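S.K.: Contents of target_21.cif (mmCIF, C-alpha atoms):
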data_upload
loop_
_atom_site.label_atom_id
_atom_site.label_comp_id
_atom_site.auth_asym_id
_atom_site.auth_seq_id
_atom_site.Cartn_x
_atom_site.Cartn_y
_atom_site.Cartn_z
CA MET A 1 0.00 0.00 0.00
CA ASN A 2 2.89 2.35 0.74
CA ASN A 3 4.08 2.33 -2.88
CA HIS A 4 0.69 3.43 -4.11
CA PHE A 5 0.76 6.67 -2.10
CA ASN A 6 4.45 7.48 -2.30
CA ASN A 7 4.85 11.07 -3.58
CA LYS A 8 1.14 11.30 -4.38
CA VAL A 9 -0.07 14.83 -3.71
CA THR A 10 -3.19 14.45 -1.57
CA TRP A 11 -5.45 17.31 -0.50
CA ILE A 12 -7.51 16.56 2.61
CA THR A 13 -10.26 18.87 3.87
CA GLY A 14 -11.39 18.64 7.47
CA ALA A 15 -7.83 17.65 8.34
CA SER A 16 -7.61 19.25 11.79
CA SER A 17 -9.41 16.46 13.65
CA GLY A 18 -11.17 13.12 13.39
CA ILE A 19 -10.95 11.07 10.21
CA GLY A 20 -9.08 13.80 8.35
CA GLU A 21 -6.38 14.01 11.00
CA ALA A 22 -5.95 10.23 11.17
CA LEU A 23 -5.83 10.01 7.38
CA ALA A 24 -3.13 12.70 7.27
CA TYR A 25 -0.92 10.65 9.60
CA ALA A 26 -1.48 7.42 7.65
CA MET A 27 -0.91 9.09 4.29
CA SER A 28 2.26 10.82 5.50
CA ALA A 29 3.61 7.52 6.81
CA ALA A 30 2.96 6.04 3.36
CA GLY A 31 5.04 8.74 1.69
CA ALA A 32 2.33 11.04 0.38
CA LYS A 33 2.76 14.78 -0.01
CA LEU A 34 -0.09 16.48 1.82
CA ILE A 35 -2.16 19.63 1.58
CA LEU A 36 -4.17 19.93 4.79
CA SER A 37 -7.21 22.19 5.00
CA GLY A 38 -9.54 23.24 7.79
CA ARG A 39 -10.71 26.38 9.58
CA ARG A 40 -8.29 26.24 12.53
CA MET A 41 -4.73 27.05 11.52
CA ASP A 42 -3.32 26.19 14.95
CA GLU A 43 -4.82 22.71 14.78
CA LEU A 44 -3.59 22.20 11.23
CA GLU A 45 -0.10 23.13 12.36
CA ARG A 46 -0.36 20.61 15.20
CA VAL A 47 -1.34 17.87 12.76
CA LYS A 48 1.47 18.84 10.37
CA GLN A 49 4.11 18.58 13.07
CA ALA A 50 2.80 15.16 14.10
CA CYS A 51 3.07 13.79 10.55
CA SER A 52 5.95 11.48 9.62
CA ASP A 53 7.39 14.06 7.21
CA PRO A 54 6.27 17.61 8.11
CA GLY A 55 8.47 18.94 5.31
CA SER A 56 6.13 17.35 2.77
CA VAL A 57 3.03 18.94 4.28
CA GLN A 58 1.50 22.26 3.19
CA LEU A 59 -1.30 23.99 5.10
CA LEU A 60 -4.19 25.72 3.37
CA PRO A 61 -6.80 27.24 5.73
CA LEU A 62 -10.28 26.83 4.30
CA ASP A 63 -13.86 27.40 5.46
CA LEU A 64 -16.29 25.15 3.60
CA ALA A 65 -19.13 27.50 4.48
CA ASP A 66 -17.44 30.38 2.61
CA ALA A 67 -18.59 29.45 -0.89
CA ALA A 68 -17.10 32.54 -2.53
CA SER A 69 -13.57 31.56 -1.46
CA LEU A 70 -13.52 27.96 -2.65
CA GLU A 71 -12.55 28.42 -6.30
CA GLY A 72 -9.52 30.48 -5.27
CA LYS A 73 -8.54 27.87 -2.70
CA VAL A 74 -8.30 25.26 -5.47
CA ALA A 75 -5.81 27.45 -7.35
CA ASP A 76 -3.83 27.90 -4.13
CA ALA A 77 -3.82 24.14 -3.51
CA ILE A 78 -2.45 23.37 -6.98
CA ILE A 79 0.38 25.86 -6.44
CA CYS A 80 1.50 24.05 -3.26
CA PHE A 81 3.16 21.17 -5.16
CA GLY A 82 2.39 22.01 -8.79
CA HIS A 83 -0.38 19.44 -9.12
CA ILE A 84 -2.87 17.33 -7.16
CA ASP A 85 -3.31 13.56 -7.46
CA ILE A 86 -5.99 12.84 -4.86
CA MET A 87 -8.72 15.12 -3.49
CA VAL A 88 -10.23 13.88 -0.22
CA HIS A 89 -13.50 15.66 0.53
CA ASN A 90 -13.79 15.09 4.26
CA GLY A 91 -14.81 18.26 6.10
CA GLY A 92 -18.39 18.67 7.23
CA VAL A 93 -20.97 18.96 9.98
CA THR A 94 -23.60 16.64 11.36
CA GLN A 95 -27.15 17.36 12.52
CA ARG A 96 -29.63 16.30 15.17
CA GLY A 97 -33.30 17.21 15.37
CA LEU A 98 -36.77 16.11 14.34
CA VAL A 99 -38.07 17.53 11.07
CA ILE A 100 -40.89 19.30 12.90
CA GLU A 101 -38.42 21.24 15.08
CA THR A 102 -35.59 21.86 12.58
CA GLY A 103 -35.68 25.24 10.89
CA ILE A 104 -34.79 25.82 7.25
CA GLU A 105 -31.58 27.62 8.18
CA ALA A 106 -30.26 24.42 9.75
CA HIS A 107 -31.01 22.56 6.53
CA ARG A 108 -29.32 25.25 4.45
CA ARG A 109 -26.21 25.25 6.64
CA VAL A 110 -25.78 21.48 6.46
CA MET A 111 -26.33 21.43 2.70
CA GLU A 112 -23.90 24.32 2.19
CA VAL A 113 -21.10 22.64 4.11
CA ASP A 114 -21.72 18.93 3.41
CA TYR A 115 -22.86 19.15 -0.21
CA PHE A 116 -22.42 22.45 -2.03
CA SER A 117 -18.82 22.95 -0.86
CA TYR A 118 -17.89 19.53 -2.26
CA VAL A 119 -19.55 20.39 -5.56
CA GLU A 120 -17.78 23.75 -5.81
CA LEU A 121 -14.34 22.36 -4.99
CA THR A 122 -14.86 19.51 -7.43
CA ARG A 123 -15.99 21.79 -10.24
CA ALA A 124 -12.96 24.03 -9.73
CA LEU A 125 -10.47 21.14 -9.53
CA LEU A 126 -11.92 19.04 -12.34
CA PRO A 127 -10.26 20.91 -15.26
CA HIS A 128 -6.87 20.24 -13.61
CA PHE A 129 -7.61 16.51 -13.46
CA VAL A 130 -8.93 16.46 -17.03
CA ALA A 131 -5.85 18.28 -18.36
CA ARG A 132 -3.59 15.74 -16.62
CA ARG A 133 -5.88 12.81 -17.56
CA ALA A 134 -5.47 11.60 -14.00
CA GLY A 135 -6.97 12.25 -10.60
CA HIS A 136 -8.98 10.68 -7.82
CA PHE A 137 -11.90 12.22 -5.92
CA VAL A 138 -12.48 10.57 -2.54
CA VAL A 139 -15.78 11.62 -0.99
CA THR A 140 -16.76 11.16 2.65
CA SER A 141 -20.45 10.41 2.64
CA SER A 142 -22.03 8.32 5.41
CA VAL A 143 -24.23 5.33 6.05
CA MET A 144 -26.86 8.08 6.26
CA GLY A 145 -26.26 8.64 2.56
CA LYS A 146 -27.88 5.24 1.98
CA ILE A 147 -30.59 5.11 4.64
CA GLY A 148 -32.85 7.44 6.63
CA THR A 149 -33.48 7.39 10.39
CA PRO A 150 -35.03 9.79 12.92
CA MET A 151 -33.40 13.13 13.74
CA ARG A 152 -30.98 13.11 10.78
CA SER A 153 -33.05 14.64 7.95
CA ALA A 154 -30.72 17.49 6.93
CA TYR A 155 -27.59 15.36 7.26
CA ALA A 156 -29.07 12.41 5.38
CA ALA A 157 -30.35 14.70 2.63
CA ALA A 158 -26.89 16.20 2.08
CA LYS A 159 -25.21 12.80 2.07
CA HIS A 160 -27.80 11.31 -0.31
CA ALA A 161 -27.14 14.26 -2.63
CA LEU A 162 -23.42 13.48 -2.68
CA HIS A 163 -24.12 10.00 -4.05
CA GLY A 164 -26.23 11.38 -6.88
CA PHE A 165 -23.69 14.04 -7.86
CA PHE A 166 -20.56 11.91 -7.67
CA ASP A 167 -22.15 8.87 -9.34
CA CYS A 168 -22.97 11.15 -12.29
CA LEU A 169 -19.45 12.62 -12.23
CA ARG A 170 -17.89 9.15 -12.27
CA ALA A 171 -19.83 8.27 -15.41
CA GLU A 172 -18.79 11.52 -17.10
CA VAL A 173 -15.03 11.34 -16.41
CA ALA A 174 -14.33 7.62 -16.74
CA ALA A 175 -12.81 8.17 -20.19
CA ASP A 176 -10.41 10.75 -18.68
CA ASN A 177 -8.89 8.22 -16.26
CA ILE A 178 -10.39 10.06 -13.29
CA LYS A 179 -11.61 7.94 -10.39
CA VAL A 180 -14.37 8.60 -7.86
CA THR A 181 -14.58 6.73 -4.55
CA ILE A 182 -17.52 7.37 -2.23
CA LEU A 183 -16.94 6.42 1.41
CA THR A 184 -19.91 5.47 3.59
CA PRO A 185 -18.60 5.52 7.17
CA GLY A 186 -20.61 4.10 10.01
CA TYR A 187 -19.92 5.29 13.54
CA ILE A 188 -16.31 6.49 13.83
CA ARG A 189 -14.89 7.78 17.12
CA THR A 190 -14.55 11.53 16.48
CA ASN A 191 -15.87 14.69 18.13
CA ILE A 192 -18.33 15.50 15.32
CA SER A 193 -21.44 15.12 17.50
CA LEU A 194 -20.23 17.88 19.84
CA PHE A 195 -20.84 20.41 17.07
CA ALA A 196 -24.07 19.03 15.65
CA VAL A 197 -26.35 21.53 13.92
CA THR A 198 -29.62 21.63 15.83
CA ASN A 199 -32.32 24.00 17.03
CA LYS A 200 -32.28 22.44 20.50
CA PRO A 201 -29.61 21.36 22.99
CA TYR A 202 -29.91 17.71 21.93
CA GLY A 203 -26.64 16.64 20.32
CA LEU A 204 -24.91 19.98 20.87
CA ASN A 205 -21.81 19.84 23.11
CA LYS A 206 -22.86 16.32 24.01
CA PRO A 207 -20.93 13.14 23.19
CA SER A 208 -22.74 10.46 21.22
CA GLU A 209 -22.94 6.98 22.70
CA ASN A 210 -23.08 5.50 19.20
CA ILE A 211 -19.96 7.37 18.10
CA GLU A 212 -18.04 6.60 21.31
CA ASN A 213 -18.58 2.89 20.56
CA GLY A 214 -17.55 3.22 16.93
CA LEU A 215 -14.39 2.35 15.04
CA SER A 216 -11.28 4.34 15.90
CA ALA A 217 -10.30 7.06 13.42
CA ASP A 218 -6.88 5.42 12.97
CA ARG A 219 -8.44 2.15 11.84
CA ALA A 220 -10.89 4.04 9.64
CA ALA A 221 -7.95 5.73 7.90
CA ILE A 222 -6.43 2.35 7.04
CA GLN A 223 -9.73 1.16 5.59
CA ILE A 224 -10.00 4.36 3.55
CA MET A 225 -6.50 3.97 2.13
CA LYS A 226 -7.27 0.41 1.08
CA ALA A 227 -10.43 1.64 -0.69
CA ILE A 228 -8.45 4.35 -2.49
CA ARG A 229 -5.72 1.94 -3.53
CA ARG A 230 -8.15 -0.51 -5.11
CA GLY A 231 -10.12 2.29 -6.77
CA ALA A 232 -13.39 1.27 -5.11
CA PHE A 233 -16.51 2.94 -6.44
CA GLU A 234 -18.05 2.86 -2.96
CA ALA A 235 -16.73 1.54 0.35
CA TYR A 236 -18.25 1.04 3.80
CA ILE A 237 -15.89 2.26 6.52
CA GLY A 238 -16.42 1.04 10.06
CA LYS A 239 -17.02 -1.98 12.22
CA PHE A 240 -18.82 -5.04 10.90
CA SER A 241 -21.93 -4.08 12.83
CA GLY A 242 -25.48 -2.77 12.68
CA GLU A 243 -24.68 0.13 10.36
CA ARG A 244 -23.40 -2.17 7.63
CA PHE A 245 -26.34 -4.51 8.15
CA ALA A 246 -28.70 -1.54 7.77
CA ILE A 247 -27.29 -0.76 4.32
CA TRP A 248 -27.82 -4.36 3.21
CA VAL A 249 -31.38 -4.48 4.56
CA MET A 250 -32.25 -1.16 2.89
CA ARG A 251 -30.94 -2.43 -0.43
CA PHE A 252 -32.38 -5.92 -0.46
CA ALA A 253 -35.43 -5.65 1.83
CA PRO A 254 -36.46 -1.98 2.01
CA GLY A 255 -39.85 -2.85 3.46
CA VAL A 256 -38.17 -4.51 6.42
CA PHE A 257 -35.89 -1.53 6.98
CA THR A 258 -38.86 0.85 6.88
CA ARG A 259 -40.33 -1.00 9.85
CA ILE A 260 -37.02 -0.91 11.74
CA ALA A 261 -36.09 2.72 11.02
CA PRO A 262 -38.41 4.41 13.59
CA LYS A 263 -36.48 2.65 16.37
CA LEU A 264 -33.07 3.88 15.18
CA VAL A 265 -32.96 7.14 17.13
CA PRO A 266 -29.34 8.30 17.58
CA LYS A 267 -27.92 7.95 21.08
#
Write out the structure in this file as structure tokens.

M.R.:
Amino acid sequence: MNNHFNNKVTWITGASSGIGEALAYAMSAAGAKLILSGRRMDELERVKQACSDPGSVQLLPLDLADAASLEGKVADAIICFGHIDIMVHNGGVTQRGLVIETGIEAHRRVMEVDYFSYVELTRALLPHFVARRAGHFVVTSSVMGKIGTPMRSAYAAAKHALHGFFDCLRAEVAADNIKVTILTPGYIRTNISLFAVTNKPYGLNKPSENIENGLSADRAAIQIMKAIRRGAFEAYIGKFSGERFAIWVMRFAPGVFTRIAPKLVPK
């Protein structure tokens, strides 16, 4: 696996914590050159210094909610090493709240960060990949991009949208030797639930029992790198547990899943 990533220029968003941070360490250990993006420059610097080769790491502060800045950030990212081989869309927010109590602004915020930012970065980077006739988009979706359960409407909607967009993109760019891998993580041990978008205290500044019992971010990073190496179209990331089973049931017995779904309230 190390040979596959050696000297590959990889741009990771959401790199200051969680899956993005763990992936930065694993990629650096495998010899990749990294561009790390996130909102917190101090945290990005911390991650850089903890990488195996900090000299091969460039930092590019980026706010996914600032749509007007994203096209320029792509140009800045290309300048870092002269080209980009792999784009890992990883930054984002989660959401908690019943539909009846979740205002439209919460929906718009989640869609802006979790969907539209990915689209804008992809559109801006795509000509670079096409000109080089090479490139790999790696997209962090979620199990919630395949199913729907209570209190996750905005998040699930954004993640479902990613599948539609990137499946279409994959079909369009196959002849240009550009790959698209969609990741569908289950519960991964990160702090994402502490910053959940919600209209009520539920899920905000509160750890999630489901997430605390999930796969470690380090192990998730290894699974992600294996999916990238084999050029997977779509890959489940996480423990062999209920989340993976839910995807199978939704695909092969959707009526059964519909009866189960009301009980799957996040903890």

S.K.: To verify the selection step, state as a ChimeraX atom specification which residues the PyMOL selection byres ((chain A and resi 224-231) around 10) yields on this input.

M.R.: /A:1-5,19,23,26-27,30,86,88,136-138,140,179-185,218-223,232-238

S.K.: Specify as a list in words each residue included when the PyMOL selection byres ((chain A and resi 152) around 9) is applied to this file.

M.R.: Thr94, Gln95, Arg96, Gly97, Leu98, Val99, Met144, Gly148, Thr149, Pro150, Met151, Ser153, Ala154, Tyr155, Ala156, Ala157, Val265 and Pro266 of chain A

S.K.: So which residues touch Trp248 (chain A) within 12 Å, counting only C-alpha atoms, skipping near sequence neighbours fewer than 4 positions away, as an mmCIF file with C-alpha atoms, keeping the file's coordinate frame?

M.R.:
data_model
loop_
_atom_site.group_PDB
_atom_site.id
_atom_site.type_symbol
_atom_site.label_atom_id
_atom_site.label_comp_id
_atom_site.auth_asym_id
_atom_site.auth_seq_id
_atom_site.Cartn_x
_atom_site.Cartn_y
_atom_site.Cartn_z
ATOM 1 C CA VAL A 143 -24.230 5.330 6.050
ATOM 2 C CA LYS A 146 -27.880 5.240 1.980
ATOM 3 C CA ILE A 147 -30.590 5.110 4.640
ATOM 4 C CA TYR A 236 -18.250 1.040 3.800
ATOM 5 C CA PHE A 240 -18.820 -5.040 10.900
ATOM 6 C CA SER A 241 -21.930 -4.080 12.830
ATOM 7 C CA GLY A 242 -25.480 -2.770 12.680
ATOM 8 C CA GLU A 243 -24.680 0.130 10.360
ATOM 9 C CA ARG A 244 -23.400 -2.170 7.630
ATOM 10 C CA PHE A 252 -32.380 -5.920 -0.460
ATOM 11 C CA ALA A 253 -35.430 -5.650 1.830
ATOM 12 C CA PRO A 254 -36.460 -1.980 2.010
ATOM 13 C CA VAL A 256 -38.170 -4.510 6.420
ATOM 14 C CA PHE A 257 -35.890 -1.530 6.980
#

S.K.: Between CA of Arg170 (chain A) and CA of Asp114 (chain A), what is the distance in Å, rounded to a tenth?

M.R.: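 One can read the CA of Arg170 (chain A) to CA of Asp114 (chain A) distance as 18.9 Å.
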
S.K.: List as a ChimeraX atom specification the residues having at least one atom at most 12 Å from position (-8.3, 27.5, -4.7) as given in the file, counting all atoms listed in the file.

M.R.: /A:11,35,37,60-64,67-80,84,120-126,128

S.K.: May I ask for the distance between CA of Arg189 (chain A) and CA of Asp167 (chain A), given in Å to one decimal place?

M.R.: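 Here the two named atoms are 27.5 Å from each other.
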
S.K.: Find the smallest box with edges along x, y and z containing every listed atom of region 8-27 of chain A, then add 4 Å on each side and report centre and edge lengths in Å to one decimal, as AutoDock Vina command-line options.

M.R.:
--center_x -5.1 --center_y 13.3 --center_z 4.6 --size_x 20.5 --size_y 19.8 --size_z 26.0

S.K.: Could you work out how far CA of Phe245 (chain A) lies from CA of Ile12 (chain A), giving the answer in Å with one decimal?

M.R.: 28.8 Å

S.K.: Pick out the closest residue to Ala32 (chain A) from this set: A:Gln49, A:Thr13, A:Ser117, A:Asn6. Count only C-alpha atoms.

M.R.: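 Comparing A:Gln49, A:Thr13, A:Ser117, A:Asn6 against Ala32 (chain A), the winner is A:Asn6.
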
S.K.: Quick one: of A:Asn90, A:Ser141, A:Thr258, A:Asn177, who's nearest to Ala24 (chain A), counting only C-alpha atoms?

M.R.: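 Checking each of A:Asn90, A:Ser141, A:Thr258, A:Asn177 against Ala24 (chain A), counting only C-alpha atoms, the winner is A:Asn90.
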
S.K.: I'd like to see the residues matched by the PyMOL selection byres ((chain A and resi 17) around 12) on this file, and ideally I'd get them as a count of residues only.

M.R.: 35

S.K.: So, counting all atoms listed in the file, which residue among A:Ala131, A:Ala158, A:Val93, A:Ser142 is closest to Val173 (chain A)?

M.R.: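 Checking each candidate against Val173 (chain A), we get A:Ala131 as the closest.
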
S.K.: Using all atoms listed in the file, can you tell me which of A:Asp53, A:Arg259, A:Val139, A:Ile104 comes closest to Leu169 (chain A)?

M.R.: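 Checking each of A:Asp53, A:Arg259, A:Val139, A:Ile104 against Leu169 (chain A), counting all atoms listed in the file, the winner is A:Val139.
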